[in-house]
Amino acid sequence: MTAAIAIALTVNGEAVAAEVKPRLNLADFLRDDLGLTGTHVGCEHGVCGACTVRLDGEIVRSCLTLAVQADGCAVETIEGLSDSGEIADLQNAFRDRNALQCGYCTPGMLITAQDLLRQKPQPDRAEIREHLAGNYCRCTGYHAIIDAVETTARARTERAT
Amino acid sequence: MKAAAFSYARATSVADALQLLARHGDDAKVLSGGQSLMPALNLRLSRPGILVDIGRLSELRGIAVAGDKVTIGALTRHVDLLGSREVAETLPLLREAATHVAHPAIRNRGTIGGNLAHADPASELPACMLALDATLVIRGVEHERRIGAQEFFQGIYATALAADELLTAVEIPLPAPGTRHFFHEYTRRSGDYAMVGLAAMARADKGHLSDLRLGYFAVGDRPQLVRAAASLVGVDVTPELVAEARTELMTELDPPSDQQATAAMRRHLAGLLLARCVAAVLDRPELAPEQAS
């Protein structure tokens, strides 16, 4: 019964069918089976946030989700968010503000920041910090990341009015 | 690390889940949101032979207010608690506590039943169950039973659940009108497990405390209702009485030392929380002069 189980899901809008071992987590499935290596694996126990993806529109830790649990779900990764242009402005703001150095945390940071901006278009800095509190960055000291998210929120609000 | 190999069965109903648990006994682990179980699997602290996935049993997800109690299904997620008008109106303590449970991505998956059944002594919700005098609803193949929160939590990751039982819901009595709540925890990082925390309910009638329930967490092997503040009930509370209650609390608690905090630090923080709680419930800030955040 530890044998592979058939699953069917969509990943970044494309239908995917696969057979996966029950113990395979979603992060490893995305990286190793589908080659989507933008989802990073850091701590593997839910602390660092580098593996954050969207599952049916909500952000989740892909290291704390089994691939079999994603059966029938819609998964979106950093590749999907990047290619669609959804977060192009946020990515530009990160680059402009030097909000990344090694880049390891960046996919998770971007997805989590975008999640906040979808729920709350004009967050204050404390709210940005709180929403990103589950994502570790060992390079930047966070201030630049907060700046980039704040800048993006302001620019989007101005564009919308 | 990666989880050791296990089998997987997705339960199609509560009855099906109970049959699977009865068949596999100690070899099985229940998977709900997975936000406590998956770390344990990945770190190989837990090596079950089979996971029984109850995550799609939608009948276990939901919040209902009826009569004199609020019933919360075991698969209700932390994000559901945060978004629920019923919870905000009837159980503001639970709503406030849920904001401190881990991080948004984890609150989207983690469930109240999984949290309580995991019984981490540093977790917020078990202490809330004590403060709210909750009853836990447990089902087996041929029985259903109810147990008070104080009997449910039995030690580190230990509960009254047998291997073939499932926690299906919690029932929380509606707090009497005018009941106030207090919640605060000290953490190294927002969203991390607490070094010390307090979930409390109390009434303040004409400046006197009554119905005081102080549920501490991260102070021992399980959440703990403390007696130390009983001397503050029904009397004119003075700074001296608060100081005495804090001294009593120091002897009542026997917290552990670990990499997060020493026992002495935990005692100190627990005392601060006691003062802050009493000050907040009575609207008398002078009773908590130390304003550590």
# chains A, B, ... in the order shown; residues from 1 in each chain; ligands from 1
$ interface_residues --of "chain B" --to "chain A" --cutoff "9 Å" --atoms "only C-alpha atoms" --output "PyMOL selection string"
chain B and resi 1-9+33-43+49-51+53+55+102-109+189-192
$ write_last_selection --atoms "N, CA and C atoms" --output "short mmCIF file (atom, residue, chain, number, x, y, z; two decimals), in the first residue's frame"
data_model
loop_
_atom_site.label_atom_id
_atom_site.label_comp_id
_atom_site.auth_asym_id
_atom_site.auth_seq_id
_atom_site.Cartn_x
_atom_site.Cartn_y
_atom_site.Cartn_z
N MET B 1 14.63 16.90 6.10
CA MET B 1 14.55 15.46 5.83
C MET B 1 13.25 15.11 5.12
N LYS B 2 13.19 13.90 4.64
CA LYS B 2 11.96 13.42 3.98
C LYS B 2 11.27 12.41 4.89
N ALA B 3 9.96 12.36 4.79
CA ALA B 3 9.19 11.41 5.58
C ALA B 3 9.54 9.98 5.19
N ALA B 4 9.51 9.08 6.17
CA ALA B 4 9.64 7.65 5.86
C ALA B 4 8.40 7.20 5.09
N ALA B 5 8.53 6.08 4.42
CA ALA B 5 7.41 5.61 3.60
C ALA B 5 6.20 5.24 4.47
N PHE B 6 5.04 5.52 3.95
CA PHE B 6 3.79 5.12 4.62
C PHE B 6 2.74 4.87 3.54
N SER B 7 1.71 4.17 3.95
CA SER B 7 0.55 4.01 3.07
C SER B 7 -0.41 5.16 3.31
N TYR B 8 -1.39 5.24 2.43
CA TYR B 8 -2.30 6.39 2.48
C TYR B 8 -3.71 5.93 2.13
N ALA B 9 -4.65 6.36 2.93
CA ALA B 9 -6.05 6.07 2.62
C ALA B 9 -6.86 7.33 2.83
N GLY B 33 -5.26 18.73 8.50
CA GLY B 33 -4.58 19.75 7.72
C GLY B 33 -3.10 19.42 7.51
N GLY B 34 -2.55 18.63 8.39
CA GLY B 34 -1.16 18.18 8.24
C GLY B 34 -0.11 19.14 8.75
N GLN B 35 -0.54 20.26 9.34
CA GLN B 35 0.44 21.29 9.67
C GLN B 35 1.25 20.99 10.93
N SER B 36 0.81 20.03 11.72
CA SER B 36 1.64 19.53 12.82
C SER B 36 2.19 18.14 12.47
N LEU B 37 1.37 17.34 11.79
CA LEU B 37 1.81 15.98 11.47
C LEU B 37 2.93 15.97 10.45
N MET B 38 2.82 16.79 9.42
CA MET B 38 3.84 16.76 8.36
C MET B 38 5.24 17.11 8.87
N PRO B 39 5.39 18.15 9.72
CA PRO B 39 6.73 18.38 10.27
C PRO B 39 7.25 17.16 11.03
N ALA B 40 6.36 16.52 11.81
CA ALA B 40 6.79 15.35 12.58
C ALA B 40 7.20 14.21 11.65
N LEU B 41 6.48 14.06 10.53
CA LEU B 41 6.84 13.02 9.56
C LEU B 41 8.17 13.36 8.89
N ASN B 42 8.30 14.62 8.46
CA ASN B 42 9.52 15.02 7.74
C ASN B 42 10.75 14.92 8.63
N LEU B 43 10.57 15.18 9.92
CA LEU B 43 11.69 15.07 10.85
C LEU B 43 11.86 13.63 11.36
N GLY B 49 2.55 3.63 9.84
CA GLY B 49 2.47 2.76 8.68
C GLY B 49 1.48 3.27 7.65
N ILE B 50 0.48 3.99 8.15
CA ILE B 50 -0.55 4.47 7.23
C ILE B 50 -1.12 5.80 7.72
N LEU B 51 -1.40 6.70 6.78
CA LEU B 51 -2.10 7.94 7.10
C LEU B 51 -3.55 7.79 6.67
N ASP B 53 -6.45 9.99 5.79
CA ASP B 53 -6.69 11.39 5.43
C ASP B 53 -8.17 11.72 5.57
N GLY B 55 -9.15 14.88 5.46
CA GLY B 55 -9.17 16.28 5.02
C GLY B 55 -10.34 16.65 4.14
N ALA B 102 0.73 30.31 14.23
CA ALA B 102 1.63 30.19 13.09
C ALA B 102 1.47 31.37 12.11
N HIS B 103 1.50 31.07 10.83
CA HIS B 103 1.56 32.09 9.78
C HIS B 103 0.43 31.86 8.78
N PRO B 104 0.14 32.87 7.93
CA PRO B 104 -1.02 32.74 7.03
C PRO B 104 -1.04 31.43 6.25
N ALA B 105 0.08 31.03 5.68
CA ALA B 105 0.08 29.82 4.84
C ALA B 105 -0.26 28.57 5.65
N ILE B 106 0.09 28.59 6.92
CA ILE B 106 -0.21 27.45 7.79
C ILE B 106 -1.65 27.53 8.29
N ARG B 107 -2.12 28.75 8.57
CA ARG B 107 -3.51 28.90 9.02
C ARG B 107 -4.51 28.52 7.92
N ASN B 108 -4.07 28.60 6.65
CA ASN B 108 -4.96 28.19 5.55
C ASN B 108 -5.21 26.70 5.53
N ARG B 109 -4.31 25.91 6.10
CA ARG B 109 -4.43 24.44 6.05
C ARG B 109 -4.73 23.83 7.41
N ARG B 189 9.52 35.08 17.53
CA ARG B 189 9.15 35.64 16.23
C ARG B 189 7.65 35.54 16.13
N SER B 190 6.99 36.58 15.62
CA SER B 190 5.54 36.54 15.47
C SER B 190 5.14 35.27 14.73
N GLY B 191 4.22 34.50 15.31
CA GLY B 191 3.75 33.28 14.67
C GLY B 191 4.44 32.02 15.16
N ASP B 192 5.57 32.17 15.84
CA ASP B 192 6.25 31.00 16.39
C ASP B 192 5.53 30.52 17.65
#
$ select_by_dssp --residues "range 24-91 of chain B" --states "alpha helix (DSSP H)" --output "list in words"
His24, Leu37, Met38, Pro39, Ala40, Leu41, Asn42, His78, Val79, Asp80, Leu81, Leu82, Gly83, Arg85, Glu86, Val87, Ala88, Glu89 and Thr90 of chain B
$ atom_distance --atom1 "CA of Lys206 in chain B" --atom2 "CA of Pro173 in chain B"
24.1 Å
$ residues_around --residues "range 252-258 of chain B" --least-positions-apart "2" --cutoff "9 Å" --atoms "only C-alpha atoms" --output "MDAnalysis selection string"
chainID B and resid 218:221 224 226:228 247:250 260:267 270
$ select_by_dssp --residues "range 114-274 of chain B" --states "strand (DSSP E or B)" --output "ChimeraX atom specification"
/B:135-139,144-148,153-155,158-159,166-173,180-186,196-205,208-217,224-225,233
$ atom_distance --atom1 "CA of Ile112 in chain B" --atom2 "CA of Ala169 in chain B"
8.7 Å
$ atom_distance --atom1 "CA of Leu30 in chain A" --atom2 "CA of Tyr104 in chain A"
16.3 Å
$ closest_atom_pairs --of "range 85-127 of chain B" --to "range 68-74 of chain B" --cutoff "9 Å" --atoms "only C-alpha atoms" --output "CSV"
residue,atom,partner,partner_atom,distance
B:Glu86,CA,B:Val70,CA,8.5
B:Val87,CA,B:Val70,CA,8.4
B:Thr90,CA,B:Val70,CA,8.1
B:Leu91,CA,B:Val70,CA,8.6
B:Thr111,CA,B:Ala74,CA,6.7
B:Ile112,CA,B:Ala74,CA,5.7
B:Gly113,CA,B:Ala74,CA,4.0
B:Gly114,CA,B:Ala74,CA,7.2
B:Leu116,CA,B:Ala74,CA,8.9
$ residues_around --residues "Leu36 in chain A" --least-positions-apart "2" --cutoff "12 Å" --atoms "only C-alpha atoms" --output "PyMOL selection string"
chain A and resi 11-12+26-34+38-41+51+53+75-80+107
$ residues_around --residues "Arg159 in chain A" --least-positions-apart "5" --cutoff "12 Å" --atoms "only C-alpha atoms" --output "ChimeraX atom specification"
/A:89,121,152-154
$ residues_around --residues "range 13-28 of chain B" --least-positions-apart "5" --cutoff "7 Å" --atoms "only C-alpha atoms" --output "list in words"
Pro48, Gly49, Ile50, Leu51, Val52, Ile54, Leu57, Gly140, Val141, Ala163, Asp164 and Glu165 of chain B
